[in-house]
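Trainee: Could you have a look at this structure, given as structure tokens, before my questions?
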Amino acid sequence: MKKNSIVLLIFLISIGINAWAQQPTFGLLKSDANAADGYTLFTPQFNNAVFLIDNCGEKINEWTFSETPGLSCYLLENGNLLRAGNDSLEIRAWDNTLLWSYAMTDNTLLQHHDIEPMPNGNILCVVTDRYSDTIAISAGRNPANLGATIRLERIVELEPIGTNDANIVWEWKFYDHLIQEFDSTKLNFGVVANDPGLLDFNFSNNQNVDFIHLNAVDYNEDLDQIMFSSKHLHEIYIVDHSTTILEAAGHAGGNSNKGGDFLWRWGNPQVYQQGSSADQLLFDQHDCKWIPSSFPDSGKVSVFNNNGDGTETFSSIHILTPDFVDNAYTMSLNKFLPSTYDWSWNGSILGNVVHENKKCGAQVLSNGNVLFCESSSGRISEITRSGDHLWSYRNPTHSGGAIFNQYEIVPGQTMTIFRGERYDPNHPGLAGQDLTPQGIIEDQNSLSESCILGTDESSLASSIWVINPIQDNMLRFNSIIKADNITIVNMVGQVVVEWSNFHGKTLPFQSKLGAYFIRISKDGNEMNQKIIVQ
């Protein structure tokens with residue numbers, strides 16, 4: 001019996017060792033100290049939560065909304081969180097208090113995919129714009145290429161009012177900027193190749209119902225322009241936001257004096273009858289946006305190109321430069337510039353080729369690295385411009401907010417997220433907030449337990465601290481740390497206890513009630529803090 005117990009013990013230990021040696025399947029998958037500092041925001045698609053995590057995969061904050069997403073969310077500069085639900089837009093405070101809610105569907109606004117917070121507090125929304133066959137034919141659509149209805153798109157700017165209302169203060173519609181060569185009796189009849197500011201209503205893309213399928217919207221305050229992405233036309237567009245609503249529906253007015261016509265379009269010049277299939281550079285792309293000012297490549301555009309070169313074998317990420325000179329975007333050989341990307345990446349993460357047909361996104365970070373999301377797998381990763389893989393995290397939650405167990409075999413794509421966004425530590429929305437890590441979301445993660453947040457050692461005092469007051473005879477640090485030496489002294493300078501070569505997040509500390517000082521030393525740098533034992 002004793003021999004059998006020993007054999008069983010050895011067996012159990014071996015199982016534990018093998019489990020520990022396995023690569024985590026959820027939560028933190030890879031962490032390098034060179035990853036850009038900050039906090040990553042993501043929204044699971046199949047539950048009501050939004051999470052903000054640090055680079056060690058520990059939860060910093062969690063919000064719970066009234067419904068599943070539809071689909072994006074943003075941390076605002078005042079610390080509130082704006083999120084699109086399947087029906088309503090909501091703004092919640094850092095403590096999850098509901099501040100504003102607007103029922104989009106009840107107000108006949110079929111918002112989908114993306115929204116964009118604006119500096120003036122308004123919100124840009126991607127909204128479905130349906131038309132009957134009769135109306136589509138009256139606009140020159142070939143009747144042979146119609147379903148029951150045809151879905152175009154519109155962009156609306158909402159001004160939040162009170163706690164549950166909003167005004168539409170600006171809008172733009174594709175329907176107002178159509179051209180066609182099919183029916184000469186219609187007012188929008190013209191030569192497509194001669195008018196790249198308009199959309200060919202009969203371009204053949206085998207989409208008789210969902211002709212355009214917008215999936216992203218972005219705003220540039222410096223230019224007062226809006227950018228959006230059409231998956232089914234494989235193009236991204238820029239229009240003038242300085243117009244009135246009436247001008248946005250026409251072809252004159254605004255800073256550009258082009259009304260709501262396209263100022264720039266890029267990715268598939270075949271749509272405006274220029275070039276050939278060899279000139280197509282975008283395939284089912286998502287998440288086009290301007291790189292912020294003060295960042296490397298400020299003013300350029302990043303985009304997640306879902307189907308790479310069109311072979312549907314890989315995805316790619318691009319950075320490109322729209323050529324804007326004398327208040328106009330330039331062309332060459334009747335095609336909008338640039339002729340190609342400034343930078344492009346495709347490759348593998350943790351042994352798997354990055355290829356996602358739907359959703360996804362990419363974000364250029366303040367240090368020039370690129371964060372991107374593979375939506376169906378729920379994975380967010382950071383790479384350098386040379387393609388070095390620095391960081392990856394996978395959403396550990398699924399339907400109803402349930403948490404996956406490590407190494408669980410996962411059905412379907414229940415861990416899907418729309419995007420992941422990294423916020424710099426100095427983002428205004430984080431100022432004054434409690435950024436104390438609250439532990440991992442999943443049940444276990446060996447990488448998070450051994451993770452050290454990458455920090456500038458000269459700022460040790462601002463990156464490591466003890467959570468006050470000390471209770472239950474336990475010191476708790478704000479994150480997992482490594483320290484050469486930790487010393488606690490009383491108020492008269494006497495050493496109470498000392499530890500060397502510490503690695504962890506908690507320390508047992510039994511002492512009398514009162515005040516003490518803790519000194520943490522690492523690589524010649526030092527942090528001192530007053531602590532209170534209760």
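For the structure tokens, the naming scheme is as follows: chains receive sequential letters (A, B, ...) according to their order of presentation, residues are indexed from 1 within each chain, and ligands are indexed from 1 in presentation order.
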Which residues are near Val354 in chain A? Cut-off 12 Å, only C-alpha atoms, ignore same chain within fewer than 5 positions. Put them as a PDB file with C-alpha atoms, in the first residue's frame.
Mentor:
```
ATOM      1  CA  PHE A 304      -5.199  45.311 -41.341  1.00  0.00           C
ATOM      2  CA  ASN A 305      -5.364  43.592 -44.749  1.00  0.00           C
ATOM      3  CA  ASN A 306      -7.263  40.390 -44.047  1.00  0.00           C
ATOM      4  CA  ASN A 307      -6.510  38.435 -47.193  1.00  0.00           C
ATOM      5  CA  GLY A 308      -2.986  39.623 -47.911  1.00  0.00           C
ATOM      6  CA  GLU A 312      -6.505  33.941 -49.007  1.00  0.00           C
ATOM      7  CA  THR A 313      -3.504  32.265 -47.391  1.00  0.00           C
ATOM      8  CA  PHE A 314      -2.314  35.019 -45.043  1.00  0.00           C
ATOM      9  CA  SER A 315      -3.175  38.409 -43.577  1.00  0.00           C
ATOM     10  CA  SER A 316      -0.910  41.435 -43.655  1.00  0.00           C
ATOM     11  CA  ILE A 317      -0.558  44.789 -41.942  1.00  0.00           C
ATOM     12  CA  TRP A 345       4.272  42.683 -42.504  1.00  0.00           C
ATOM     13  CA  ASN A 346       2.922  39.191 -42.732  1.00  0.00           C
ATOM     14  CA  GLY A 347       4.145  36.190 -40.825  1.00  0.00           C
ATOM     15  CA  SER A 348       3.570  33.770 -37.979  1.00  0.00           C
ATOM     16  CA  ILE A 349       2.819  34.185 -34.288  1.00  0.00           C
ATOM     17  CA  CYS A 360      -9.312  42.191 -36.857  1.00  0.00           C
ATOM     18  CA  PHE A 372      -2.744  43.722 -33.890  1.00  0.00           C
ATOM     19  CA  CYS A 373      -5.774  41.583 -33.177  1.00  0.00           C
ATOM     20  CA  GLU A 374      -6.723  38.223 -34.688  1.00  0.00           C
ATOM     21  CA  SER A 375     -10.423  38.353 -33.965  1.00  0.00           C
ATOM     22  CA  SER A 376     -11.668  34.780 -34.269  1.00  0.00           C
ATOM     23  CA  SER A 377      -8.909  33.402 -32.039  1.00  0.00           C
ATOM     24  CA  ARG A 379      -5.542  36.942 -29.722  1.00  0.00           C
ATOM     25  CA  ILE A 380      -3.756  40.309 -29.494  1.00  0.00           C
ATOM     26  CA  SER A 381      -0.043  40.537 -30.354  1.00  0.00           C
TER      27      SER A 381
END
```
Trainee: Need to verify the contact set: range 211-227 of chain A, 8 Å, only C-alpha atoms, exclusion of same-chain residues closer than 2 positions in sequence. Can you return it as a PyMOL selection string?
Mentor: chain A and resi 112-116+118-119+124-126+150-153+205+207-209+229-233+236-242+286-290+359
Trainee: Those selected residues, please, written with N, CA, C and O atoms and delivered as a CSV table (one decimal), in the first residue's frame.
Mentor:
```csv
chain,number,residue,atom,x,y,z
A,112,HIS,N,-23.5,49.3,-36.7
A,112,HIS,CA,-22.8,48.0,-36.8
A,112,HIS,C,-21.3,48.3,-36.8
A,112,HIS,O,-20.8,49.4,-37.2
A,113,HIS,N,-20.5,47.3,-36.4
A,113,HIS,CA,-19.0,47.3,-36.5
A,113,HIS,C,-18.4,48.5,-35.6
A,113,HIS,O,-18.1,48.3,-34.5
A,114,ASP,N,-18.2,49.7,-36.2
A,114,ASP,CA,-17.4,50.6,-35.5
A,114,ASP,C,-18.1,51.9,-35.2
A,114,ASP,O,-19.1,52.3,-35.8
A,115,ILE,N,-17.6,52.6,-34.2
A,115,ILE,CA,-17.9,53.9,-33.8
A,115,ILE,C,-16.6,54.7,-33.6
A,115,ILE,O,-15.5,54.1,-33.5
A,116,GLU,N,-16.7,56.0,-33.5
A,116,GLU,CA,-15.4,56.8,-33.3
A,116,GLU,C,-15.8,58.0,-32.4
A,116,GLU,O,-16.6,58.9,-32.8
A,118,MET,N,-15.2,61.6,-30.9
A,118,MET,CA,-14.7,62.8,-31.5
A,118,MET,C,-14.2,63.8,-30.4
A,118,MET,O,-14.7,63.7,-29.2
A,119,PRO,N,-13.3,64.6,-30.6
A,119,PRO,CA,-12.8,65.6,-29.6
A,119,PRO,C,-13.8,66.5,-29.0
A,119,PRO,O,-13.7,66.9,-27.9
A,124,LEU,N,-19.1,59.4,-34.0
A,124,LEU,CA,-19.3,59.0,-35.4
A,124,LEU,C,-19.7,57.5,-35.4
A,124,LEU,O,-19.1,56.7,-34.7
A,125,CYS,N,-20.8,57.1,-36.1
A,125,CYS,CA,-21.3,55.8,-36.2
A,125,CYS,C,-21.4,55.3,-37.6
A,125,CYS,O,-21.9,56.0,-38.5
A,126,VAL,N,-21.0,54.0,-37.8
A,126,VAL,CA,-21.3,53.3,-39.1
A,126,VAL,C,-22.7,52.8,-39.0
A,126,VAL,O,-23.1,52.0,-38.1
A,150,ILE,N,-31.1,46.4,-51.2
A,150,ILE,CA,-29.7,46.6,-51.2
A,150,ILE,C,-29.2,47.4,-50.1
A,150,ILE,O,-29.9,48.4,-49.8
A,151,ARG,N,-28.2,47.0,-49.4
A,151,ARG,CA,-27.6,47.7,-48.3
A,151,ARG,C,-26.5,48.6,-48.7
A,151,ARG,O,-25.4,48.1,-49.1
A,152,LEU,N,-26.6,49.9,-48.5
A,152,LEU,CA,-25.5,50.8,-48.7
A,152,LEU,C,-25.1,51.2,-47.2
A,152,LEU,O,-25.3,50.4,-46.3
A,153,GLU,N,-24.4,52.3,-47.0
A,153,GLU,CA,-24.0,52.7,-45.7
A,153,GLU,C,-24.1,54.2,-45.6
A,153,GLU,O,-24.1,55.0,-46.5
A,205,ASN,N,-19.0,43.1,-57.9
A,205,ASN,CA,-18.3,42.5,-56.8
A,205,ASN,C,-19.1,41.3,-56.2
A,205,ASN,O,-18.8,40.8,-55.1
A,207,GLN,N,-21.9,41.1,-54.9
A,207,GLN,CA,-22.6,41.5,-53.7
A,207,GLN,C,-23.9,42.2,-54.0
A,207,GLN,O,-23.9,43.5,-54.1
A,208,ASN,N,-25.0,41.5,-54.2
A,208,ASN,CA,-26.2,42.1,-54.6
A,208,ASN,C,-27.1,42.6,-53.5
A,208,ASN,O,-28.1,43.3,-53.7
A,209,VAL,N,-26.7,42.3,-52.2
A,209,VAL,CA,-27.4,42.7,-51.1
A,209,VAL,C,-26.5,43.6,-50.2
A,209,VAL,O,-26.8,44.8,-50.0
A,229,SER,N,-13.7,52.2,-44.2
A,229,SER,CA,-13.2,51.0,-44.9
A,229,SER,C,-14.4,50.2,-45.4
A,229,SER,O,-15.3,49.8,-44.6
A,230,SER,N,-14.4,49.8,-46.7
A,230,SER,CA,-15.4,49.0,-47.3
A,230,SER,C,-14.7,47.6,-47.6
A,230,SER,O,-13.8,47.5,-48.4
A,231,LYS,N,-15.2,46.6,-46.9
A,231,LYS,CA,-14.7,45.2,-47.0
A,231,LYS,C,-15.0,44.7,-48.4
A,231,LYS,O,-14.2,44.1,-49.1
A,232,HIS,N,-16.2,44.9,-48.9
A,232,HIS,CA,-16.7,44.3,-50.1
A,232,HIS,C,-16.2,45.0,-51.4
A,232,HIS,O,-16.3,44.4,-52.5
A,233,LEU,N,-15.8,46.2,-51.3
A,233,LEU,CA,-15.2,46.9,-52.4
A,233,LEU,C,-13.6,47.0,-52.3
A,233,LEU,O,-13.0,47.4,-53.2
A,236,ILE,N,-10.4,51.8,-49.0
A,236,ILE,CA,-10.6,52.8,-47.9
A,236,ILE,C,-10.8,54.2,-48.5
A,236,ILE,O,-10.3,54.5,-49.6
A,237,TYR,N,-11.6,55.0,-47.8
A,237,TYR,CA,-12.0,56.3,-48.4
A,237,TYR,C,-11.8,57.4,-47.4
A,237,TYR,O,-11.8,57.2,-46.1
A,238,ILE,N,-11.6,58.6,-47.9
A,238,ILE,CA,-11.6,59.8,-47.0
A,238,ILE,C,-12.6,60.8,-47.6
A,238,ILE,O,-12.6,61.1,-48.8
A,239,VAL,N,-13.4,61.4,-46.7
A,239,VAL,CA,-14.3,62.5,-47.1
A,239,VAL,C,-14.1,63.7,-46.2
A,239,VAL,O,-13.6,63.6,-45.1
A,240,ASP,N,-14.7,64.8,-46.6
A,240,ASP,CA,-14.5,66.1,-45.9
A,240,ASP,C,-15.6,66.2,-44.8
A,240,ASP,O,-16.8,66.1,-45.1
A,241,HIS,N,-15.2,66.4,-43.6
A,241,HIS,CA,-16.2,66.6,-42.5
A,241,HIS,C,-16.5,68.0,-42.3
A,241,HIS,O,-17.5,68.3,-41.5
A,242,SER,N,-15.8,68.9,-42.9
A,242,SER,CA,-16.1,70.4,-42.6
A,242,SER,C,-17.3,70.9,-43.3
A,242,SER,O,-17.7,72.0,-43.2
A,286,HIS,N,-9.7,45.7,-42.8
A,286,HIS,CA,-10.4,46.3,-41.6
A,286,HIS,C,-9.5,47.3,-40.9
A,286,HIS,O,-8.3,47.3,-41.1
A,287,ASP,N,-10.1,48.1,-40.1
A,287,ASP,CA,-9.5,49.0,-39.1
A,287,ASP,C,-8.5,50.0,-39.8
A,287,ASP,O,-7.3,50.1,-39.3
A,288,CYS,N,-8.9,50.7,-40.8
A,288,CYS,CA,-8.0,51.8,-41.3
A,288,CYS,C,-8.1,53.0,-40.3
A,288,CYS,O,-9.1,53.3,-39.8
A,289,LYS,N,-6.9,53.6,-40.1
A,289,LYS,CA,-6.9,54.7,-39.2
A,289,LYS,C,-5.6,55.5,-39.4
A,289,LYS,O,-4.6,55.0,-39.8
A,290,TRP,N,-5.7,56.8,-39.1
A,290,TRP,CA,-4.5,57.7,-39.1
A,290,TRP,C,-3.7,57.4,-37.9
A,290,TRP,O,-4.2,57.1,-36.8
A,359,LYS,N,-13.1,40.7,-39.5
A,359,LYS,CA,-12.8,41.6,-38.4
A,359,LYS,C,-11.3,41.9,-38.3
A,359,LYS,O,-10.7,42.2,-39.3
```
Trainee: Please, which residues of range 165-278 of chain A, numbered as in this document, come out helix (DSSP H, G or I) from DSSP, as a ChimeraX atom specification?
Mentor: /A:174-177,192-194,245-248,269-272,277-278
Trainee: Could the residues in this selection be written to a file with N, CA, C and O atoms, as a PDB file, in the first residue's frame?
Mentor:
```pdb
ATOM      1  N   PHE A 174     -23.429  57.070 -48.845  1.00  0.00           N
ATOM      2  CA  PHE A 174     -22.955  56.604 -50.151  1.00  0.00           C
ATOM      3  C   PHE A 174     -23.985  56.913 -51.239  1.00  0.00           C
ATOM      4  O   PHE A 174     -23.617  57.226 -52.377  1.00  0.00           O
ATOM      5  N   TYR A 175     -25.275  56.784 -50.883  1.00  0.00           N
ATOM      6  CA  TYR A 175     -26.332  56.960 -51.877  1.00  0.00           C
ATOM      7  C   TYR A 175     -26.239  58.307 -52.588  1.00  0.00           C
ATOM      8  O   TYR A 175     -26.598  58.425 -53.773  1.00  0.00           O
ATOM      9  N   ASP A 176     -25.733  59.325 -51.890  1.00  0.00           N
ATOM     10  CA  ASP A 176     -25.636  60.663 -52.478  1.00  0.00           C
ATOM     11  C   ASP A 176     -24.442  60.810 -53.413  1.00  0.00           C
ATOM     12  O   ASP A 176     -24.276  61.869 -54.037  1.00  0.00           O
ATOM     13  N   HIS A 177     -23.607  59.760 -53.503  1.00  0.00           N
ATOM     14  CA  HIS A 177     -22.353  59.902 -54.266  1.00  0.00           C
ATOM     15  C   HIS A 177     -22.145  58.705 -55.178  1.00  0.00           C
ATOM     16  O   HIS A 177     -21.068  58.115 -55.245  1.00  0.00           O
ATOM     17  N   VAL A 192     -17.546  56.675 -65.301  1.00  0.00           N
ATOM     18  CA  VAL A 192     -16.958  56.301 -64.009  1.00  0.00           C
ATOM     19  C   VAL A 192     -15.486  56.658 -63.959  1.00  0.00           C
ATOM     20  O   VAL A 192     -14.986  57.212 -62.958  1.00  0.00           O
ATOM     21  N   ALA A 193     -14.751  56.374 -65.007  1.00  0.00           N
ATOM     22  CA  ALA A 193     -13.299  56.599 -65.015  1.00  0.00           C
ATOM     23  C   ALA A 193     -12.944  58.065 -64.898  1.00  0.00           C
ATOM     24  O   ALA A 193     -11.826  58.402 -64.486  1.00  0.00           O
ATOM     25  N   ASN A 194     -13.881  58.951 -65.242  1.00  0.00           N
ATOM     26  CA  ASN A 194     -13.605  60.386 -65.193  1.00  0.00           C
ATOM     27  C   ASN A 194     -13.991  61.027 -63.866  1.00  0.00           C
ATOM     28  O   ASN A 194     -13.781  62.226 -63.673  1.00  0.00           O
ATOM     29  N   ILE A 245     -24.556  69.370 -43.478  1.00  0.00           N
ATOM     30  CA  ILE A 245     -25.274  68.162 -43.895  1.00  0.00           C
ATOM     31  C   ILE A 245     -25.691  68.279 -45.360  1.00  0.00           C
ATOM     32  O   ILE A 245     -25.584  67.315 -46.129  1.00  0.00           O
ATOM     33  N   LEU A 246     -26.150  69.466 -45.763  1.00  0.00           N
ATOM     34  CA  LEU A 246     -26.561  69.659 -47.152  1.00  0.00           C
ATOM     35  C   LEU A 246     -25.367  69.538 -48.093  1.00  0.00           C
ATOM     36  O   LEU A 246     -25.455  68.892 -49.148  1.00  0.00           O
ATOM     37  N   GLU A 247     -24.232  70.121 -47.727  1.00  0.00           N
ATOM     38  CA  GLU A 247     -23.034  70.031 -48.573  1.00  0.00           C
ATOM     39  C   GLU A 247     -22.510  68.607 -48.646  1.00  0.00           C
ATOM     40  O   GLU A 247     -22.024  68.165 -49.694  1.00  0.00           O
ATOM     41  N   ALA A 248     -22.609  67.864 -47.528  1.00  0.00           N
ATOM     42  CA  ALA A 248     -22.128  66.476 -47.515  1.00  0.00           C
ATOM     43  C   ALA A 248     -22.929  65.605 -48.468  1.00  0.00           C
ATOM     44  O   ALA A 248     -22.432  64.570 -48.935  1.00  0.00           O
ATOM     45  N   PRO A 269      -8.193  50.263 -57.304  1.00  0.00           N
ATOM     46  CA  PRO A 269      -8.583  51.272 -58.299  1.00  0.00           C
ATOM     47  C   PRO A 269      -9.477  50.732 -59.407  1.00  0.00           C
ATOM     48  O   PRO A 269     -10.056  51.513 -60.167  1.00  0.00           O
ATOM     49  N   GLN A 270      -9.635  49.413 -59.481  1.00  0.00           N
ATOM     50  CA  GLN A 270     -10.562  48.859 -60.468  1.00  0.00           C
ATOM     51  C   GLN A 270     -11.990  49.354 -60.233  1.00  0.00           C
ATOM     52  O   GLN A 270     -12.789  49.412 -61.162  1.00  0.00           O
ATOM     53  N   VAL A 271     -12.312  49.707 -58.975  1.00  0.00           N
ATOM     54  CA  VAL A 271     -13.676  50.148 -58.662  1.00  0.00           C
ATOM     55  C   VAL A 271     -13.997  51.452 -59.387  1.00  0.00           C
ATOM     56  O   VAL A 271     -15.155  51.715 -59.707  1.00  0.00           O
ATOM     57  N   TYR A 272     -12.979  52.278 -59.660  1.00  0.00           N
ATOM     58  CA  TYR A 272     -13.227  53.481 -60.456  1.00  0.00           C
ATOM     59  C   TYR A 272     -12.564  53.374 -61.833  1.00  0.00           C
ATOM     60  O   TYR A 272     -12.146  54.346 -62.444  1.00  0.00           O
ATOM     61  N   SER A 277      -6.302  43.978 -62.031  1.00  0.00           N
ATOM     62  CA  SER A 277      -6.225  43.217 -60.785  1.00  0.00           C
ATOM     63  C   SER A 277      -4.838  43.301 -60.161  1.00  0.00           C
ATOM     64  O   SER A 277      -4.696  43.153 -58.938  1.00  0.00           O
ATOM     65  N   ALA A 278      -3.820  43.553 -60.981  1.00  0.00           N
ATOM     66  CA  ALA A 278      -2.460  43.680 -60.449  1.00  0.00           C
ATOM     67  C   ALA A 278      -2.294  44.922 -59.583  1.00  0.00           C
ATOM     68  O   ALA A 278      -1.360  45.002 -58.783  1.00  0.00           O
TER      69      ALA A 278
END
```
Trainee: In range 351-505 of chain A, what's strand (DSSP E or B) per DSSP? Answer as a PyMOL selection string?
Mentor: chain A and resi 352-353+361-364+370-374+379-383+389-394+397+403+417-423+440+466+470-471+474-489+495-505
Trainee: Counting only C-alpha atoms, which of A:Ala402, A:Leu199, A:Ala93, A:Ala431 gets nearest to Thr414 in chain A?
Mentor: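 Closest candidate: A:Ala402.
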Trainee: Which is closer to Leu75 in chain A than all the others in A:Ser448, A:Gln280, A:Thr40, A:Ser511, using only C-alpha atoms?
Mentor: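 That would be A:Thr40, the residue with the smallest distance to Leu75 in chain A.
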Trainee: Of the candidates A:Thr149, A:Lys522, A:Ile480, A:Pro338, which shows the shortest atom-to-atom distance to Ser500 in chain A, using only C-alpha atoms?
Mentor: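 Once distances to Ser500 in chain A are computed over only C-alpha atoms, the minimum belongs to A:Lys522.
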Trainee: Hey, what's within 9 Å of Phe46 in chain A if we count only C-alpha atoms and toss same-chain stuff fewer than 6 positions away? As a PyMOL selection string, please?
Mentor: chain A and resi 68-69+397-401+414-417
Trainee: Generate the output file for the selected residues, N, CA, C and O atoms, as a short mmCIF file (atom, residue, chain, number, x, y, z; two decimals), in the first residue's frame.
Mentor:
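Output (selection-v7.cif):
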```cif
data_model
loop_
_atom_site.label_atom_id
_atom_site.label_comp_id
_atom_site.auth_asym_id
_atom_site.auth_seq_id
_atom_site.Cartn_x
_atom_site.Cartn_y
_atom_site.Cartn_z
N THR A 68 -24.38 42.35 -25.38
CA THR A 68 -23.16 42.00 -26.11
C THR A 68 -22.81 43.12 -27.09
O THR A 68 -23.67 43.92 -27.45
N PRO A 69 -21.55 43.20 -27.50
CA PRO A 69 -21.09 44.37 -28.27
C PRO A 69 -21.54 44.36 -29.72
O PRO A 69 -21.86 43.34 -30.29
N THR A 397 -12.32 34.57 -21.93
CA THR A 397 -13.74 34.52 -21.58
C THR A 397 -14.56 34.12 -22.79
O THR A 397 -14.17 34.33 -23.93
N HIS A 398 -15.73 33.54 -22.51
CA HIS A 398 -16.63 33.19 -23.62
C HIS A 398 -18.07 33.49 -23.23
O HIS A 398 -18.32 34.37 -22.39
N SER A 399 -19.03 32.79 -23.81
CA SER A 399 -20.45 33.15 -23.68
C SER A 399 -20.86 33.29 -22.23
O SER A 399 -20.51 32.46 -21.37
N GLY A 400 -21.63 34.35 -21.97
CA GLY A 400 -22.15 34.57 -20.64
C GLY A 400 -21.12 34.99 -19.61
O GLY A 400 -21.42 35.06 -18.42
N GLY A 401 -19.90 35.24 -20.05
CA GLY A 401 -18.85 35.66 -19.14
C GLY A 401 -18.09 34.52 -18.50
O GLY A 401 -17.23 34.74 -17.63
N THR A 414 -15.71 30.96 -29.84
CA THR A 414 -16.43 31.63 -28.75
C THR A 414 -15.56 32.63 -28.00
O THR A 414 -16.07 33.37 -27.16
N MET A 415 -14.25 32.67 -28.26
CA MET A 415 -13.37 33.64 -27.59
C MET A 415 -13.14 34.89 -28.45
O MET A 415 -12.31 35.74 -28.14
N THR A 416 -13.92 35.05 -29.53
CA THR A 416 -13.75 36.14 -30.48
C THR A 416 -13.78 37.52 -29.81
O THR A 416 -14.58 37.76 -28.91
N ILE A 417 -12.91 38.39 -30.28
CA ILE A 417 -12.95 39.81 -29.93
C ILE A 417 -12.91 40.62 -31.22
O ILE A 417 -12.48 40.11 -32.26
#
```
Trainee: Find the residues near range 468-478 of chain A: any atom within 9 Å, counting only C-alpha atoms, skip ones fewer than 2 places away on the same chain, and give them as JSON, numbers by chain.
Mentor: {"A": [435, 436, 437, 438, 463, 464, 465, 466, 480, 481, 504, 505, 506, 507, 508, 509, 510, 511, 530, 531, 532, 533, 534]}
Trainee: In Å, how far is it from CA of Gly275 in chain A to CA of Asp297 in chain A?
Mentor: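 So the two atoms, CA of Gly275 in chain A and CA of Asp297 in chain A, lie 28.0 Å apart.
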Trainee: For the atom pair CA of Lys335 in chain A and CA of Trp266 in chain A, what is the interatomic distance in Å to one decimal place?
Mentor: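 Here the two named atoms are 8.4 Å from each other.
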Trainee: For a test of reading the model, state the distance in Å between CA of Ile60 in chain A and CA of Ala84 in chain A, rounded to one decimal.
Mentor: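 Spanning CA of Ile60 in chain A to CA of Ala84 in chain A is a straight-line distance of 21.1 Å.
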Trainee: A:Lys482, A:His503, A:His318, A:His234: which is nearest Asp284 in chain A, counting only C-alpha atoms?
Mentor: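 Closest candidate: A:His234.
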Trainee: Rank nothing, just name the residue among A:Glu421, A:Asp183, A:Glu235, A:Asp323 nearest to Phe42 in chain A, using only C-alpha atoms.
Mentor: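 When distances to Phe42 in chain A are compared using only C-alpha atoms, the smallest one comes from A:Glu421.
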Trainee: With distances taken over only C-alpha atoms, which residue among A:Asn268, A:Ser293, A:Ser256, A:Lys358 lies nearest Asn327 in chain A?
Mentor: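 Going through A:Asn268, A:Ser293, A:Ser256, A:Lys358 one by one, the smallest distance to Asn327 in chain A is for A:Ser256.
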